[in-house]
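Source file: my_file.cif; contents: mmCIF, C-alpha atoms.
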data_target
#
loop_
_atom_site.label_atom_id
_atom_site.label_comp_id
_atom_site.auth_asym_id
_atom_site.auth_seq_id
_atom_site.Cartn_x
_atom_site.Cartn_y
_atom_site.Cartn_z
CA MET O 1 116.77 116.58 109.55
CA LYS O 2 114.04 116.16 112.10
CA SER O 3 113.57 112.92 113.96
CA SER O 4 110.32 111.01 113.53
CA PRO O 5 107.70 110.99 116.30
CA GLN O 6 106.39 108.34 118.61
CA SER O 7 103.05 106.57 118.09
CA ASP O 8 99.77 108.35 118.73
CA GLN O 9 97.30 107.25 121.39
CA PRO O 10 95.59 103.84 121.01
CA CYS O 11 92.44 103.39 118.97
CA PRO O 12 89.99 104.09 121.85
CA GLU O 13 91.09 107.72 121.69
CA CYS O 14 89.54 108.06 118.22
CA ASP O 15 86.38 105.95 118.38
CA SER O 16 83.57 106.61 115.94
CA SER O 17 80.50 108.77 116.31
CA PRO O 18 77.05 107.78 114.91
CA SER O 19 76.76 110.87 112.73
CA SER O 20 80.15 110.34 111.13
CA ARG O 21 79.31 106.67 110.58
CA ARG O 22 76.10 107.60 108.77
CA GLN O 23 78.05 109.91 106.47
CA PHE O 24 80.52 107.14 105.75
CA LEU O 25 77.79 104.60 105.01
CA LYS O 26 76.05 107.04 102.71
CA ALA O 27 79.31 107.55 100.81
CA SER O 28 80.24 103.89 100.53
CA GLY O 29 76.95 102.01 100.82
CA GLY O 30 76.41 99.58 97.99
CA ALA O 31 79.98 99.89 96.76
CA LEU O 32 80.96 96.51 98.16
CA ALA O 33 78.59 94.61 95.93
CA ALA O 34 79.60 96.64 92.92
CA THR O 35 83.30 95.87 93.18
CA ALA O 36 83.30 92.09 93.07
CA VAL O 37 85.93 90.92 90.60
CA GLY O 38 85.02 87.34 89.96
CA GLY O 39 82.77 86.03 92.70
CA VAL O 40 80.69 86.81 95.74
CA LEU O 41 80.99 85.29 99.20
CA GLY O 42 77.99 86.04 101.41
CA GLY O 43 77.36 89.28 99.49
CA ILE O 44 80.94 90.46 100.07
CA PRO O 45 83.38 90.74 97.14
CA SER O 46 85.91 87.95 96.77
CA SER O 47 88.43 87.00 94.14
CA GLY O 48 86.53 83.94 92.94
CA SER O 49 89.85 82.55 91.70
CA ALA O 50 91.88 79.79 93.27
CA LYS O 51 94.93 80.42 91.13
CA ILE O 52 97.97 82.39 92.21
CA ASN O 53 99.22 84.24 89.17
CA VAL O 54 102.95 84.77 89.54
CA ALA O 55 103.43 86.16 86.07
CA GLU O 56 105.44 89.33 85.84
CA ALA O 57 103.21 92.37 85.99
CA LYS O 58 104.04 95.46 84.01
CA PRO O 59 106.00 97.69 86.39
CA ALA O 60 103.59 100.16 87.97
CA THR O 61 105.25 103.53 87.88
CA ASP O 62 102.26 105.80 88.43
CA SER O 63 102.70 106.31 92.16
CA GLU O 64 106.48 106.33 91.86
CA SER O 65 106.36 109.02 89.17
CA LEU O 66 104.07 111.09 91.35
CA VAL O 67 106.45 110.73 94.31
CA ARG O 68 109.27 112.04 92.10
CA GLN O 69 107.03 114.93 91.04
CA LEU O 70 106.23 115.73 94.65
CA PHE O 71 109.90 115.58 95.62
CA THR O 72 111.04 117.99 92.91
CA GLY O 73 108.52 120.59 94.10
CA LEU O 74 109.33 120.53 97.82
CA THR O 75 110.36 123.76 99.49
CA GLN O 76 113.32 123.89 101.87
CA GLU O 77 110.91 123.83 104.82
CA GLN O 78 109.18 120.75 103.45
CA LEU O 79 112.46 119.00 102.68
CA HIS O 80 113.56 119.61 106.25
CA ALA O 81 110.27 118.32 107.64
CA ILE O 82 109.71 115.07 105.70
CA THR O 83 112.98 113.85 104.13
CA PHE O 84 115.29 111.42 105.89
CA PRO O 85 118.25 109.19 105.04
CA TRP O 86 117.50 105.81 103.49
CA ASP O 87 118.79 103.98 106.56
CA HIS O 88 116.65 105.90 109.06
CA PRO O 89 115.13 103.42 111.58
CA ASP O 90 111.57 104.65 110.98
CA ARG O 91 111.62 103.74 107.29
CA LEU O 92 110.44 100.16 107.91
CA ARG O 93 108.51 100.87 111.09
CA VAL O 94 104.84 99.90 111.22
CA GLU O 95 102.13 100.73 113.76
CA ASN O 96 98.35 100.51 113.95
CA ASN O 97 97.90 104.24 114.64
CA TRP O 98 100.76 106.65 114.14
CA HIS O 99 102.16 109.61 112.26
CA ILE O 100 105.60 109.17 110.84
CA VAL O 101 106.11 112.95 110.95
CA LYS O 102 103.89 113.95 113.83
CA GLU O 103 104.58 117.66 113.92
CA GLN O 104 103.74 118.29 110.26
CA ARG O 105 100.51 116.84 108.89
CA VAL O 106 99.74 116.79 105.18
CA GLY O 107 97.09 119.50 105.52
CA GLN O 108 99.42 121.79 107.46
CA LEU O 109 102.64 121.43 105.50
CA PHE O 110 101.57 121.15 101.86
CA ASP O 111 99.63 123.42 99.55
CA ARG O 112 96.42 122.23 97.88
CA ASP O 113 98.13 121.00 94.71
CA GLN O 114 100.66 119.02 96.72
CA GLN O 115 97.87 117.57 98.87
CA ALA O 116 96.06 116.46 95.71
CA LEU O 117 99.29 114.85 94.50
CA ILE O 118 99.71 112.94 97.77
CA ARG O 119 96.12 111.77 97.57
CA GLU O 120 96.73 110.51 94.03
CA ILE O 121 99.85 108.64 95.17
CA PHE O 122 97.77 106.96 97.87
CA MET O 123 94.92 106.08 95.50
CA LYS O 124 97.18 104.56 92.85
CA LEU O 125 98.75 102.24 95.43
CA HIS O 126 95.39 100.44 95.46
CA SER O 127 93.40 98.54 92.87
CA GLU O 128 90.74 100.30 90.84
CA GLU O 129 88.17 97.94 92.36
CA TYR O 130 88.98 98.87 95.94
CA ARG O 131 90.65 102.29 96.05
CA ASP O 132 87.42 104.19 96.76
CA GLN O 133 86.55 101.85 99.62
CA VAL O 134 90.06 102.13 101.05
CA LEU O 135 89.85 105.92 100.90
CA HIS O 136 86.43 105.92 102.59
CA GLN O 137 87.84 103.64 105.32
CA PHE O 138 90.70 106.06 105.92
CA ILE O 139 88.37 109.07 106.03
CA HIS O 140 85.96 107.24 108.35
CA ASP O 141 88.62 106.08 110.81
CA ASN O 142 90.62 109.33 110.91
CA ARG O 143 87.82 111.82 111.50
CA GLY O 144 87.46 113.73 114.75
CA ARG O 145 89.58 116.41 116.40
CA GLY O 146 87.39 119.10 114.81
CA LEU O 147 87.95 117.82 111.26
CA THR O 148 84.77 117.96 109.22
CA THR O 149 85.49 117.74 105.49
CA GLU O 150 87.07 114.86 103.59
CA GLU O 151 89.93 117.16 102.57
CA GLU O 152 90.63 118.09 106.20
CA ILE O 153 90.51 114.47 107.35
CA PHE O 154 92.83 113.27 104.60
CA GLY O 155 95.10 116.15 105.53
CA SER O 156 95.49 114.69 109.02
CA ALA O 157 97.77 111.98 107.57
CA SER O 158 101.54 112.24 107.66
CA VAL O 159 104.09 111.36 104.99
CA ALA O 160 107.84 110.93 104.93
CA LEU O 161 110.37 110.33 102.19
CA PHE O 162 113.52 108.29 102.71
CA GLY O 163 116.31 108.62 100.19
CA ALA O 164 115.89 110.72 97.06
CA PRO O 165 113.82 109.78 93.99
CA GLY O 166 115.84 109.95 90.80
CA THR O 167 119.21 109.66 92.54
CA GLY O 168 119.02 106.17 94.04
CA LYS O 169 116.88 104.26 96.50
CA PHE O 170 113.78 105.99 97.84
CA GLU O 171 110.66 105.14 99.81
CA PHE O 172 107.54 107.22 100.39
CA VAL O 173 105.59 106.29 103.53
CA PHE O 174 101.99 107.35 104.28
CA THR O 175 100.58 106.90 107.80
CA GLY O 176 97.52 107.55 109.94
CA ARG O 177 95.06 105.59 112.03
CA HIS O 178 94.60 102.09 110.57
CA CYS O 179 97.03 102.82 107.75
CA THR O 180 100.68 102.34 106.84
CA ARG O 181 101.40 102.33 103.09
CA ARG O 182 104.63 102.45 101.12
CA CYS O 183 105.77 103.36 97.63
CA ASP O 184 109.38 102.49 96.85
CA GLY O 185 109.82 101.58 93.18
CA ASP O 186 111.32 98.25 94.31
CA SER O 187 114.11 100.02 96.17
CA GLU O 188 113.68 97.63 99.11
CA ALA O 189 114.84 94.41 97.52
CA GLY O 190 112.81 91.25 98.04
CA ALA O 191 110.03 92.90 100.05
CA ALA O 192 106.36 93.01 99.12
CA PHE O 193 104.85 96.52 99.38
CA GLY O 194 108.31 97.94 100.12
CA GLY O 195 108.20 96.59 103.68
CA PRO O 196 105.64 95.93 106.43
CA ILE O 197 102.22 97.53 106.01
CA PHE O 198 99.10 97.85 108.13
CA TYR O 199 95.42 98.17 107.30
CA GLY O 200 92.29 98.07 109.44
CA HIS O 201 88.78 99.36 109.95
CA ALA O 202 86.38 100.06 112.84
CA ALA O 203 83.23 100.26 110.78
CA ARG O 204 80.31 100.95 113.13
CA SER O 205 82.05 101.15 116.47
CA PHE O 206 85.26 100.34 118.27
CA ASN O 207 83.69 97.04 119.43
CA GLU O 208 82.19 95.54 116.29
CA ASP O 209 79.30 93.08 116.27
CA PRO O 210 79.60 89.50 115.00
CA GLY O 211 79.68 89.59 111.22
CA HIS O 212 81.39 93.02 111.29
CA PRO O 213 78.66 94.83 109.30
CA ASP O 214 80.01 97.43 106.85
CA ASN O 215 83.64 96.51 107.54
CA VAL O 216 85.59 96.96 104.31
CA TYR O 217 87.95 94.07 105.07
CA TRP O 218 85.71 91.47 106.72
CA TYR O 219 85.27 89.61 103.42
CA GLN O 220 88.86 88.39 103.89
CA ALA O 221 87.98 86.66 107.16
CA GLN O 222 84.93 85.09 105.54
CA GLN O 223 87.14 83.55 102.88
CA ALA O 224 89.64 82.36 105.50
CA ASN O 225 86.85 80.74 107.53
CA GLN O 226 85.96 78.69 104.47
CA VAL O 227 89.33 76.97 104.91
CA PHE O 228 88.44 76.04 108.49
CA GLN O 229 85.07 74.68 107.42
CA MET O 230 86.83 72.33 105.01
CA LEU O 231 89.10 70.84 107.70
CA ASP O 232 88.33 67.52 109.33
CA GLY O 233 88.38 67.04 113.11
CA LYS O 234 92.08 66.28 113.42
CA GLN O 235 93.01 69.14 111.14
CA ARG O 236 90.84 71.55 113.13
CA ASP O 237 92.63 70.54 116.32
CA GLN O 238 95.91 71.49 114.64
CA ALA O 239 94.58 74.76 113.23
CA LEU O 240 92.71 76.08 116.28
CA LYS O 241 94.76 77.85 118.95
CA GLY O 242 94.03 79.97 122.03
CA GLU O 243 94.94 83.61 121.41
CA GLY O 244 96.65 85.44 118.59
CA ARG O 245 99.97 87.20 118.74
CA ASP O 246 100.52 90.36 120.74
CA GLU O 247 100.41 93.60 118.79
CA ARG O 248 103.73 95.33 119.38
CA GLY O 249 104.27 97.59 116.41
CA SER O 250 107.07 96.38 114.15
CA LYS O 251 107.69 93.37 116.39
CA THR O 252 104.23 92.10 115.46
CA VAL O 253 105.54 91.18 112.02
CA GLU O 254 109.04 89.96 112.78
CA LEU O 255 109.84 86.96 110.58
CA THR O 256 111.14 83.72 112.08
CA GLY O 257 112.74 82.16 109.02
CA LYS O 258 111.30 78.86 110.28
CA ALA O 259 109.19 76.35 108.38
CA GLU O 260 108.28 74.33 111.48
CA GLY O 261 106.94 75.18 114.93
CA LEU O 262 104.60 77.88 113.61
CA ASP O 263 101.02 78.27 114.85
CA GLY O 264 98.33 76.23 113.12
CA ILE O 265 98.23 73.62 110.41
CA ALA O 266 100.81 73.46 107.63
CA VAL O 267 99.60 73.86 104.06
CA SER O 268 101.67 70.79 103.20
CA GLU O 269 99.24 68.74 105.30
CA LEU O 270 96.15 69.93 103.43
CA THR O 271 94.31 68.21 100.61
CA VAL O 272 94.34 69.58 97.09
CA ASP O 273 90.96 71.28 97.44
CA GLN O 274 91.93 72.74 100.82
CA LYS O 275 95.10 74.17 99.29
CA GLU O 276 93.02 75.72 96.53
CA GLN O 277 90.94 77.49 99.17
CA VAL O 278 94.12 78.83 100.82
CA ARG O 279 95.08 80.25 97.44
CA LYS O 280 91.68 81.94 97.26
CA VAL O 281 92.38 83.51 100.65
CA LEU O 282 95.73 84.82 99.43
CA ALA O 283 94.10 86.25 96.32
CA ASP O 284 91.45 88.00 98.41
CA LEU O 285 94.00 89.42 100.80
CA LEU O 286 95.69 91.12 97.87
CA MET O 287 92.56 92.45 96.16
CA PRO O 288 92.77 95.99 97.63
CA PHE O 289 96.28 96.58 96.25
CA ARG O 290 97.60 97.55 92.82
CA GLU O 291 98.46 94.79 90.36
CA ALA O 292 102.23 95.23 90.52
CA ASP O 293 102.23 94.81 94.30
CA ARG O 294 99.92 91.80 94.05
CA ALA O 295 102.21 90.10 91.56
CA GLU O 296 105.36 90.86 93.54
CA CYS O 297 103.82 89.55 96.75
CA LEU O 298 102.66 86.32 95.12
CA LYS O 299 106.12 85.73 93.64
CA LEU O 300 107.56 85.91 97.15
CA VAL O 301 104.82 83.73 98.67
CA GLU O 302 104.78 80.94 96.09
CA PRO O 303 108.22 79.41 96.94
CA GLN O 304 107.13 79.05 100.58
CA PHE O 305 103.51 78.09 99.89
CA GLU O 306 103.84 74.51 101.17
CA GLN O 307 105.56 75.82 104.30
CA LEU O 308 102.79 78.26 105.20
CA HIS O 309 100.77 77.61 108.34
CA MET O 310 97.20 78.78 108.93
CA ALA O 311 95.89 79.33 112.46
CA PHE O 312 92.57 80.41 113.98
CA TYR O 313 92.16 81.68 117.56
CA ARG O 314 89.24 80.46 119.66
CA ASN O 315 89.56 82.88 122.59
CA GLN O 316 88.86 85.96 120.44
CA ASP O 317 85.62 84.78 118.83
CA ILE O 318 83.13 87.67 118.87
CA GLY O 319 79.66 86.33 119.61
CA LYS O 320 81.01 82.81 120.21
CA ASP O 321 79.60 81.81 116.83
CA GLY O 322 82.49 79.68 115.61
CA ILE O 323 83.33 82.17 112.88
CA TRP O 324 86.89 82.98 113.77
CA ASP O 325 87.52 86.72 113.94
CA VAL O 326 91.26 86.36 114.54
CA TRP O 327 93.48 84.26 112.28
CA GLN O 328 96.77 84.37 110.48
CA ILE O 329 98.87 82.93 107.69
CA GLU O 330 102.54 82.60 108.56
CA GLY O 331 105.54 81.13 106.80
CA PRO O 332 109.31 81.38 107.09
CA ASN O 333 109.30 84.79 105.40
CA MET O 334 105.70 85.88 105.75
CA VAL O 335 103.22 87.10 108.36
CA TRP O 336 99.66 88.12 107.47
CA TYR O 337 97.91 88.54 110.82
CA PHE O 338 94.19 89.43 110.77
CA ARG O 339 92.87 90.50 114.16
CA GLY O 340 89.11 91.08 113.99
CA ASP O 341 88.56 91.55 117.75
CA PRO O 342 87.32 94.14 118.70
CA HIS O 343 87.61 95.51 115.14
CA VAL O 344 89.88 94.77 112.21
CA HIS O 345 93.65 95.23 112.49
CA THR O 346 95.79 93.57 109.84
CA TRP O 347 99.59 93.31 109.99
CA VAL O 348 101.50 92.30 106.86
CA HIS O 349 105.14 91.47 106.15
CA VAL O 350 106.25 89.39 103.16
CA ARG O 351 109.82 88.89 101.94
CA GLY O 352 111.90 86.60 99.80
CA PRO O 353 114.18 84.13 101.64
CA GLU O 354 117.38 85.86 100.54
CA HIS O 355 116.11 89.13 102.02
CA SER O 356 114.42 87.82 105.15
CA GLN O 357 114.70 89.95 108.28
CA THR O 358 114.35 87.47 111.13
CA ALA O 359 113.75 88.26 114.78
#

File written out as C-alpha cells:
Amino acid sequence: MKSSPQSDQPCPECDSSPSSRRQFLKASGGALAATAVGGVLGGIPSSGSAKINVAEAKPATDSESLVRQLFTGLTQEQLHAITFPWDHPDRLRVENNWHIVKEQRVGQLFDRDQQALIREIFMKLHSEEYRDQVLHQFIHDNRGRGLTTEEEIFGSASVALFGAPGTGKFEFVFTGRHCTRRCDGDSEAGAAFGGPIFYGHAARSFNEDPGHPDNVYWYQAQQANQVFQMLDGKQRDQALKGEGRDERGSKTVELTGKAEGLDGIAVSELTVDQKEQVRKVLADLLMPFREADRAECLKLVEPQFEQLHMAFYRNQDIGKDGIWDVWQIEGPNMVWYFRGDPHVHTWVHVRGPEHSQTA
C-alpha cells in the first residue's frame, strides 16, 4: 500500500481570482437567505433554536452505503492507491489544505460513475439545507491550476479508505483545500464526525473584509458574537484574550481532558439566558452537517456543557470593529476553533470522555 502524502502549499498559493469569484456568486447568490431553518441573524441563516436535541437520530446510512458500493467496484489499481489499514496514522489527520492521497486525485483515478458516487457521498454528509452551499464553497476554494469546470475542480479532491466496509471498521476520508470530511459508520467509537474535521472559506479574497461578505460560514461567528454582547464587563474581561491558538494541523485540535485552565469564560459562570445563547451557537455550528452527525455530536457535548469555555481574541479583529473574527469553544473533550482572520478556518474535534485523545 502506498503511503499518504504531505500537506500541500499554504492557502496563499491558491488565492481567488475575480472572475472565478463572480461565477461562484452567480451560482450561490441568494441561497443563504433561502436556507434559513428557523430564524435569521442579520440576513444570514441561523438555527433560531436554543435547544440542544440529544434524542437519538435514525442512523444515517446513505453515505456509508455509498462508500460500500464504491469499495466493491474498485479496481486493483484503485485499491492499491487509496486503501490503507485501519490503524494508519493518516486516518485521523486533519489539515487546512491537503490531499490525503496526493498522487491520485479523484478526477485522475476514478471513472465518471465513480466520481459521481464520491460526489454523492460528500453531499449526503451535509444537511439538505446547506449541502449546495458547502459544495459551492469547495468548488470556489479549489479552483485554479487550469481547472475550469465544476467537475474538474471537484475531481481535484483526494479520498482514502481505511479498513474495509462490510468486513469490520472502515473510514472514508475526503480532503482538499478548506475541507476534511469523514464517513465511518460509527467505526471510530465516541467521536463526532468520525474524528477531527476542517471547514473554511475565502469568499472574495484571501484577506476578507470586515463582515466577511459572501462567506458561507460567517453566520456562525455572528451568532457567537451575540454571546459576547450579552456578557457584562467582568465576564467580558474573562472571555476576551489576546491571540487564538496556533494552527498546526492535527495538533490544533488536541484535547486536554481538562475542565479548568482553558481560555475564556466557563459556561458554568453564565446566566440562564447566556447559556441559551451558547446553545444557539452550538446548533448553528452543526447546521451544515447531516442530522445523524448533529445528534451524535450533541450527545457528546451535552455531558460537558457546563465545563465548556468560550473565548474571543482581540488581536485578530479585522477592521477593529469589536466584532470578534476569531473565537473558540473548548471543553475537556472538545475543540471548535473558528479563525476568521484573514478568512475562515474552522478546526473541530469532539469526543466522549471515555474515548478522549489528550495531548

Correct to one decimal, the distance CA of Ile153 (chain O)-CA of Ile139 (chain O) is 6.0 Å

Here's the selection I'm unsure about, the PyMOL selection byres ((chain O and resi 159) around 7); applied to the file above, which residues does it give, as a PDB file with C-alpha atoms, keeping the file's coordinate frame?
ATOM      1  CA  ILE O  82     109.710 115.070 105.700  1.00  0.00           C
ATOM      2  CA  ILE O 100     105.600 109.170 110.840  1.00  0.00           C
ATOM      3  CA  VAL O 101     106.110 112.950 110.950  1.00  0.00           C
ATOM      4  CA  VAL O 106      99.740 116.790 105.180  1.00  0.00           C
ATOM      5  CA  ALA O 157      97.770 111.980 107.570  1.00  0.00           C
ATOM      6  CA  SER O 158     101.540 112.240 107.660  1.00  0.00           C
ATOM      7  CA  ALA O 160     107.840 110.930 104.930  1.00  0.00           C
ATOM      8  CA  LEU O 161     110.370 110.330 102.190  1.00  0.00           C
ATOM      9  CA  VAL O 173     105.590 106.290 103.530  1.00  0.00           C
ATOM     10  CA  PHE O 174     101.990 107.350 104.280  1.00  0.00           C
ATOM     11  CA  THR O 175     100.580 106.900 107.800  1.00  0.00           C
TER      12      THR O 175
END

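Neighbours of Gln274 (chain O) closer than or equal to 10 Å, with all atoms listed in the file counted and sequence neighbours fewer than 6 positions away skipped, come out as Gln226, Val227, Phe228, Gln229, Met230, Leu231, Val267 and Lys280 of chain O.
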
One residue among O:Asn215, O:Gln222, O:Ser250, O:Thr180 is nearest to Phe193 (chain O) when using only C-alpha atoms, and that residue is O:Thr180

- Starting from the displayed file, determine the output of the PyMOL selection byres ((chain O and resi 108) around 12) and express the residue list as an NGL selection string. :O and (77-78 or 81 or 101-107 or 109-112 or 114-115 or 151-159)

As an NGL selection string, please: the residues near Ile121 (chain O) (cut-off 9 Å, all atoms listed in the file, same-chain neighbours under 4 positions excluded). :O and (62-67 or 116-117 or 125 or 183)

Compile the contact shell of Arg93 (chain O) as a compact mmCIF listing (two decimals) with C-alpha atoms, keeping the file's coordinate frame: residues with an atom at most 12 Å away, counting all atoms listed in the file, same-chain residues fewer than 5 positions apart removed.
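And here's part.txt as it stands now:
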# COMPACT_ATOMS: atom_id res chain seq x y z
CA SER O 4 110.32 111.01 113.53
CA PRO O 5 107.70 110.99 116.30
CA GLN O 6 106.39 108.34 118.61
CA SER O 7 103.05 106.57 118.09
CA ASP O 87 118.79 103.98 106.56
CA HIS O 88 116.65 105.90 109.06
CA TRP O 98 100.76 106.65 114.14
CA HIS O 99 102.16 109.61 112.26
CA ILE O 100 105.60 109.17 110.84
CA ALA O 160 107.84 110.93 104.93
CA VAL O 173 105.59 106.29 103.53
CA PHE O 174 101.99 107.35 104.28
CA THR O 175 100.58 106.90 107.80
CA THR O 180 100.68 102.34 106.84
CA ARG O 181 101.40 102.33 103.09
CA ARG O 182 104.63 102.45 101.12
CA GLY O 194 108.31 97.94 100.12
CA GLY O 195 108.20 96.59 103.68
CA PRO O 196 105.64 95.93 106.43
CA ILE O 197 102.22 97.53 106.01
CA PHE O 198 99.10 97.85 108.13
CA ARG O 248 103.73 95.33 119.38
CA GLY O 249 104.27 97.59 116.41
CA SER O 250 107.07 96.38 114.15
CA LYS O 251 107.69 93.37 116.39
CA THR O 252 104.23 92.10 115.46
CA VAL O 253 105.54 91.18 112.02
CA GLU O 254 109.04 89.96 112.78
CA TRP O 347 99.59 93.31 109.99
CA VAL O 348 101.50 92.30 106.86
CA HIS O 349 105.14 91.47 106.15

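Residues matched by the PyMOL selection byres ((chain O and resi 264) around 6) in this structure: O:Gln238, O:Ala239, O:Asp263, O:Ile265, O:His309, O:Met310, O:Ala311.
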
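Minimum atom-to-atom distance to Phe338 (chain O), evaluated using all atoms listed in the file, belongs to O:Arg245 out of O:Arg143, O:Arg68, O:Lys234, O:Arg245.
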
Selection: 9 Å around Val216 (chain O), all atoms listed in the file, excl. self and same-chain fewer than 4 positions, as an MDAnalysis selection string
chainID O and resid 32 133:134 137 200:201 203

For the residues in that selection, give me C-alpha atoms as an mmCIF file, in the frame of the given file.
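The result, written out as again.cif:
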data_model
loop_
_atom_site.group_PDB
_atom_site.id
_atom_site.type_symbol
_atom_site.label_atom_id
_atom_site.label_comp_id
_atom_site.auth_asym_id
_atom_site.auth_seq_id
_atom_site.Cartn_x
_atom_site.Cartn_y
_atom_site.Cartn_z
ATOM 1 C CA LEU O 32 80.960 96.510 98.160
ATOM 2 C CA GLN O 133 86.550 101.850 99.620
ATOM 3 C CA VAL O 134 90.060 102.130 101.050
ATOM 4 C CA GLN O 137 87.840 103.640 105.320
ATOM 5 C CA GLY O 200 92.290 98.070 109.440
ATOM 6 C CA HIS O 201 88.780 99.360 109.950
ATOM 7 C CA ALA O 203 83.230 100.260 110.780
#

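Nearest residue to Glu247 (chain O) among O:Glu120, O:Asp284, O:Glu95, O:Glu302 is O:Glu95, counting all atoms listed in the file.
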
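One finds CA of Arg290 (chain O) at 7.0 Å from CA of Lys124 (chain O).
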
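Residues lying within 10 Å of Phe162 (chain O), counting only C-alpha atoms and ignoring same-chain neighbours fewer than 6 positions away, are O:Ile82, O:Thr83, O:Phe84, O:Pro85, O:Trp86, O:Asp87, O:His88, O:Asp90, O:Arg91, O:Lys169, O:Phe170, O:Glu171, O:Phe172, O:Val173, O:Asp184.
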
Keeping only C-alpha atoms, write those residues as an mmCIF file, in the frame of the given file.
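Result file result_14.cif:
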data_model
loop_
_atom_site.group_PDB
_atom_site.id
_atom_site.type_symbol
_atom_site.label_atom_id
_atom_site.label_comp_id
_atom_site.auth_asym_id
_atom_site.auth_seq_id
_atom_site.Cartn_x
_atom_site.Cartn_y
_atom_site.Cartn_z
ATOM 1 C CA ILE O 82 109.710 115.070 105.700
ATOM 2 C CA THR O 83 112.980 113.850 104.130
ATOM 3 C CA PHE O 84 115.290 111.420 105.890
ATOM 4 C CA PRO O 85 118.250 109.190 105.040
ATOM 5 C CA TRP O 86 117.500 105.810 103.490
ATOM 6 C CA ASP O 87 118.790 103.980 106.560
ATOM 7 C CA HIS O 88 116.650 105.900 109.060
ATOM 8 C CA ASP O 90 111.570 104.650 110.980
ATOM 9 C CA ARG O 91 111.620 103.740 107.290
ATOM 10 C CA LYS O 169 116.880 104.260 96.500
ATOM 11 C CA PHE O 170 113.780 105.990 97.840
ATOM 12 C CA GLU O 171 110.660 105.140 99.810
ATOM 13 C CA PHE O 172 107.540 107.220 100.390
ATOM 14 C CA VAL O 173 105.590 106.290 103.530
ATOM 15 C CA ASP O 184 109.380 102.490 96.850
#

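The nearest approach to Gly144 (chain O) among the residues O:Met123, O:Asn333, O:Tyr199, O:Arg177, with only C-alpha atoms taken into account, belongs to O:Arg177.
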
When you get a chance, write out N, CA and C atoms for region 138-152 of chain O, as an mmCIF file, in the coordinates of the input.
data_model
loop_
_atom_site.group_PDB
_atom_site.id
_atom_site.type_symbol
_atom_site.label_atom_id
_atom_site.label_comp_id
_atom_site.auth_asym_id
_atom_site.auth_seq_id
_atom_site.Cartn_x
_atom_site.Cartn_y
_atom_site.Cartn_z
ATOM 1 N N PHE O 138 89.752 105.149 105.291
ATOM 2 C CA PHE O 138 90.700 106.060 105.920
ATOM 3 C C PHE O 138 89.992 107.314 106.422
ATOM 4 N N ILE O 139 89.105 107.869 105.622
ATOM 5 C CA ILE O 139 88.370 109.070 106.030
ATOM 6 C C ILE O 139 87.518 108.758 107.254
ATOM 7 N N HIS O 140 86.828 107.637 107.234
ATOM 8 C CA HIS O 140 85.960 107.240 108.350
ATOM 9 C C HIS O 140 86.742 107.093 109.647
ATOM 10 N N ASP O 141 87.875 106.420 109.590
ATOM 11 C CA ASP O 141 88.620 106.080 110.810
ATOM 12 C C ASP O 141 89.513 107.208 111.309
ATOM 13 N N ASN O 142 89.727 108.239 110.506
ATOM 14 C CA ASN O 142 90.620 109.330 110.910
ATOM 15 C C ASN O 142 89.898 110.643 111.159
ATOM 16 N N ARG O 143 88.558 110.598 111.223
ATOM 17 C CA ARG O 143 87.820 111.820 111.500
ATOM 18 C C ARG O 143 87.931 112.158 112.981
ATOM 19 N N GLY O 144 87.366 113.293 113.358
ATOM 20 C CA GLY O 144 87.460 113.730 114.750
ATOM 21 C C GLY O 144 88.418 114.899 114.885
ATOM 22 N N ARG O 145 88.656 115.304 116.112
ATOM 23 C CA ARG O 145 89.580 116.410 116.400
ATOM 24 C C ARG O 145 89.192 117.686 115.648
ATOM 25 N N GLY O 146 87.862 117.898 115.470
ATOM 26 C CA GLY O 146 87.390 119.100 114.810
ATOM 27 C C GLY O 146 87.459 119.064 113.304
ATOM 28 N N LEU O 147 87.870 117.942 112.715
ATOM 29 C CA LEU O 147 87.950 117.820 111.260
ATOM 30 C C LEU O 147 86.577 117.450 110.724
ATOM 31 N N THR O 148 86.133 118.170 109.711
ATOM 32 C CA THR O 148 84.770 117.960 109.220
ATOM 33 C C THR O 148 84.708 117.535 107.759
ATOM 34 N N THR O 149 85.551 118.077 106.904
ATOM 35 C CA THR O 149 85.490 117.740 105.490
ATOM 36 C C THR O 149 86.444 116.608 105.158
ATOM 37 N N GLU O 150 86.186 115.944 104.034
ATOM 38 C CA GLU O 150 87.070 114.860 103.590
ATOM 39 C C GLU O 150 88.480 115.378 103.364
ATOM 40 N N GLU O 151 88.606 116.574 102.811
ATOM 41 C CA GLU O 151 89.930 117.160 102.570
ATOM 42 C C GLU O 151 90.678 117.373 103.888
ATOM 43 N N GLU O 152 89.988 117.878 104.900
ATOM 44 C CA GLU O 152 90.630 118.090 106.200
ATOM 45 C C GLU O 152 91.051 116.769 106.832
#
